[in-house]
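Enquirer: There's a structure below that I have some questions on.
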Amino acid sequence: MEYRLLGGSGFKVPALTFGTGTFGGTNEFFKTWGSTDVAEATKLVDICLDAGLTMFDTADIYSDGASEEILGGAIKGRRDKVLISTKATFRSGEGPNDVGSSRHHLTRAIEGSLKRLGTDYIDLFQLHAYDALTPAEEVLGTLDELIKAGKIRYIGCSNFSGWHLMKGLSVSERHGLTRYVAHQAYYSLVGREYEWELMPLGLDQKVGAVVWSPLGWGRLTGKIRRGQPKPANSRSNEKIALDMGPQVDEEYLYKVVDALDEVAKETGKSVPQIALNWLLQRPTVSSVIIGARNEEQLRQNLGAVGWNLTKEQVAKLDAASAVQLTYPYWHQAFFNERNPFPTATA
């Protein structure tokens with residue numbers, strides 16, 4: 001397993017991270033992801049560690065905390081062999097302060113996560129969403145205090161806009177507070193908006209991307225193809241998942257899948273392996289989060305590392321997945337002599 005620096009820090013993380021959103025399945029939404037229990041989770045952790053994948057991502061809201069509890073059970077007795085990434089910000093209770101990134105909520109959220117995970121520290125803690133009501137000084141000051149207390153070691157954010165992230169970095173610099181080194185963001189061959197603003201920002205400010213849903217919300221698993229019925233057990237058929245996930249034009253999806261199929265024939269690799277490998281070659285990407293409901297899916301996804309697509313194959317996938325830029329990005333593309341885009345776009 002390749003290890004990469006997380007943003008501008010000296011902290012190395014595996015190129016692949018295991019996402020534990022499939023652990024628990026205690027509510028309607030997360031049942032569409034999976035319902036892995038401690039016994040099965042322990043087997044999956046075993047496979048990951050054997051492959052050199054040591055980072056596991058979770059969040060306090062995943063199955064109402066059950067994901068953290070199951071992960072904690074699966075790593076019991078081997079905490080020193082794993083890296084834990086978790087998140088908080090979304091509502092976790094009925095009270096007026098059980099939501100957001102206030103000092104009150106973050107402190108309680110961290111204590112809850114530590115208890116459920118059965119650990120006394122978190123390697124990477126990320127804000128799950130941007131809280132516009134809490135001053136950035138309060139947010140980053142709280143995170144800085146938690147680092148000094150030894151409860152978290154590195155911080156990141158998730159699902160921020162470019163100005164959200166830059167504002168936080170500016171506040172950290174102005175007040176001498178710990179900086180975000182990671183941005184957990186959606187990015188896939190059928191969702192390339194990350195490249196427009198967040199990737200250039202990440203390059204400039206040394207913020208590493210930890211990519212979530214790299215298979216386009218289950219659309220790039222190799223089970224969806226032009227002219228074929230969708231598989232009955234596909235998450236892409238679940239209305240609740242589709243309503244909350246990124247929207248993708250059907251013809252655009254088939255165009256990308258067609259290109260993936262071509263490259264699959266050339267390489268002898270599976271469609272998901274190619275989609276993941278494409279991401280691993282993109283600028284700023286520190287780690288790509290893979291998920292799996294079972295051992296077979298996990299072993300398939302682990303096959304995305306240890307090889308690279310050729311430049312020609314990358315170019316073919318780039319062309320198939322390119323979309324028309326929105327303003328101001330299409331206008332900025334005219335000035336690429338001094339304002340170059342880090343990747344090819346239409």
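So you can find residues: chains in the structure tokens are A, B, ... in the order shown, residues in each start at 1, and ligands are numbered from 1 in order.
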Please provide the set of residues having any atom within 9 Å of stretch 141-144 of chain A, restricted to only C-alpha atoms, with same-chain residues fewer than 6 positions apart removed, written as a VMD selection string.
Expert: chain A and resid 102 to 103 106 to 107 125 152 155 172 175 177 to 179
Enquirer: From a DSSP pass on the backbone, collect the residues of stretch 249-342 of chain A flagged as strand (DSSP E) and hand them back as a PyMOL selection string.
Expert: chain A and resi 285-290
Enquirer: Selected residues, N, CA and C atoms, written as a PDB file, in the first residue's frame, please.
Expert:
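part-v5.pdb written:
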```pdb
ATOM      1  N   VAL A 285      -4.953  14.638  -4.197  1.00  0.00           N
ATOM      2  CA  VAL A 285      -5.601  13.484  -3.561  1.00  0.00           C
ATOM      3  C   VAL A 285      -4.621  12.771  -2.630  1.00  0.00           C
ATOM      4  N   SER A 286      -4.936  12.788  -1.341  1.00  0.00           N
ATOM      5  CA  SER A 286      -4.117  12.090  -0.353  1.00  0.00           C
ATOM      6  C   SER A 286      -4.614  10.669  -0.117  1.00  0.00           C
ATOM      7  N   SER A 287      -5.945  10.506  -0.082  1.00  0.00           N
ATOM      8  CA  SER A 287      -6.510   9.181   0.156  1.00  0.00           C
ATOM      9  C   SER A 287      -7.909   9.106  -0.434  1.00  0.00           C
ATOM     10  N   VAL A 288      -8.281   7.926  -0.882  1.00  0.00           N
ATOM     11  CA  VAL A 288      -9.602   7.688  -1.457  1.00  0.00           C
ATOM     12  C   VAL A 288     -10.330   6.700  -0.551  1.00  0.00           C
ATOM     13  N   ILE A 289     -11.528   7.075  -0.124  1.00  0.00           N
ATOM     14  CA  ILE A 289     -12.292   6.229   0.788  1.00  0.00           C
ATOM     15  C   ILE A 289     -13.046   5.166  -0.002  1.00  0.00           C
ATOM     16  N   ILE A 290     -12.781   3.909   0.308  1.00  0.00           N
ATOM     17  CA  ILE A 290     -13.507   2.803  -0.307  1.00  0.00           C
ATOM     18  C   ILE A 290     -14.441   2.193   0.720  1.00  0.00           C
TER      19      ILE A 290
END
```
Enquirer: Go through stretch 76-163 of chain A residue by residue and, counting only C-alpha atoms, keep those with an atom at most 12 Å from stretch 204-208 of chain A; for each kept residue give the shortest atom pair and its distance in Å to one decimal, ordered by chain and increasing number, as a tab-separated table.
Expert:
```
residue	atom	partner	partner_atom	distance
A:Tyr154	CA	A:Val207	CA	11.9
A:Ile155	CA	A:Val207	CA	10.7
A:Gly156	CA	A:Val207	CA	8.6
A:Cys157	CA	A:Val207	CA	10.0
A:Ser158	CA	A:Gly208	CA	11.4
A:Gly162	CA	A:Gln205	CA	11.3
```
Enquirer: Could you dump the residues just selected with C-alpha atoms as a PDB file, in the first residue's frame?
Expert:
```pdb
ATOM      1  CA  TYR A 154      -4.945  16.508  12.935  1.00  0.00           C
ATOM      2  CA  ILE A 155      -7.960  18.435  11.702  1.00  0.00           C
ATOM      3  CA  GLY A 156      -9.803  18.716   8.434  1.00  0.00           C
ATOM      4  CA  CYS A 157     -13.180  19.708   7.075  1.00  0.00           C
ATOM      5  CA  SER A 158     -15.711  18.153   4.747  1.00  0.00           C
ATOM      6  CA  GLY A 162     -13.736  27.217  -1.452  1.00  0.00           C
TER       7      GLY A 162
END
```
Enquirer: Which residue out of A:Ala149, A:Val99, A:Leu16, A:Ile110 has the minimum interatomic distance to A:Thr134 when only C-alpha atoms are used?
Expert: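 Of A:Ala149, A:Val99, A:Leu16, A:Ile110, the one nearest A:Thr134, counting only C-alpha atoms, is A:Val99.
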Enquirer: Give the helix (DSSP H, G or I) residues of stretch 4-225 of chain A, as DSSP finds them on the backbone, and put them as a count of residues only.
Expert: 86
Enquirer: Do a neighbour search on A:Gly95 at 12 Å with only C-alpha atoms, toss out local chain neighbours closer than 4 positions, and write the hits as a PyMOL selection string.
Expert: chain A and resi 91+99-100+104-105
Enquirer: Please report the interatomic distance between atom CA of A:Glu2 and atom CA of A:Asp50 in Å with one decimal.
Expert: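 Taking atom CA of A:Glu2 and atom CA of A:Asp50, their separation equals 13.5 Å.
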Enquirer: Compile the contact shell of stretch 18-33 of chain A as a ChimeraX atom specification: residues with an atom at most 10 Å away, counting only C-alpha atoms, same-chain residues fewer than 3 positions apart removed.
Expert: /A:14,36-38,40-41,44-45,48,53-59,61-71,84-86,212-213,218,233-241,244,287-294,298,301-302
Enquirer: Looking at only C-alpha atoms, which of A:Trp278, A:Val305, A:Ala315, A:Pro328 is the one that sits closest to A:Tyr3?
Expert: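 Closest candidate: A:Val305.
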Enquirer: Got a sec: who's within 12 Å of A:Asp258, counting only C-alpha atoms, leaving out chain neighbours fewer than 5 positions off, as a ChimeraX atom specification?
Expert: /A:220,222,224-227,251-253,263-265,271,316-317,319-321
Enquirer: Near A:Arg282, counting only C-alpha atoms, which residues have an atom at most 10 Å away, once you skip same-chain residues fewer than 5 positions from it, shown as a PyMOL selection string?
Expert: chain A and resi 195+199+209+277+314+342-343
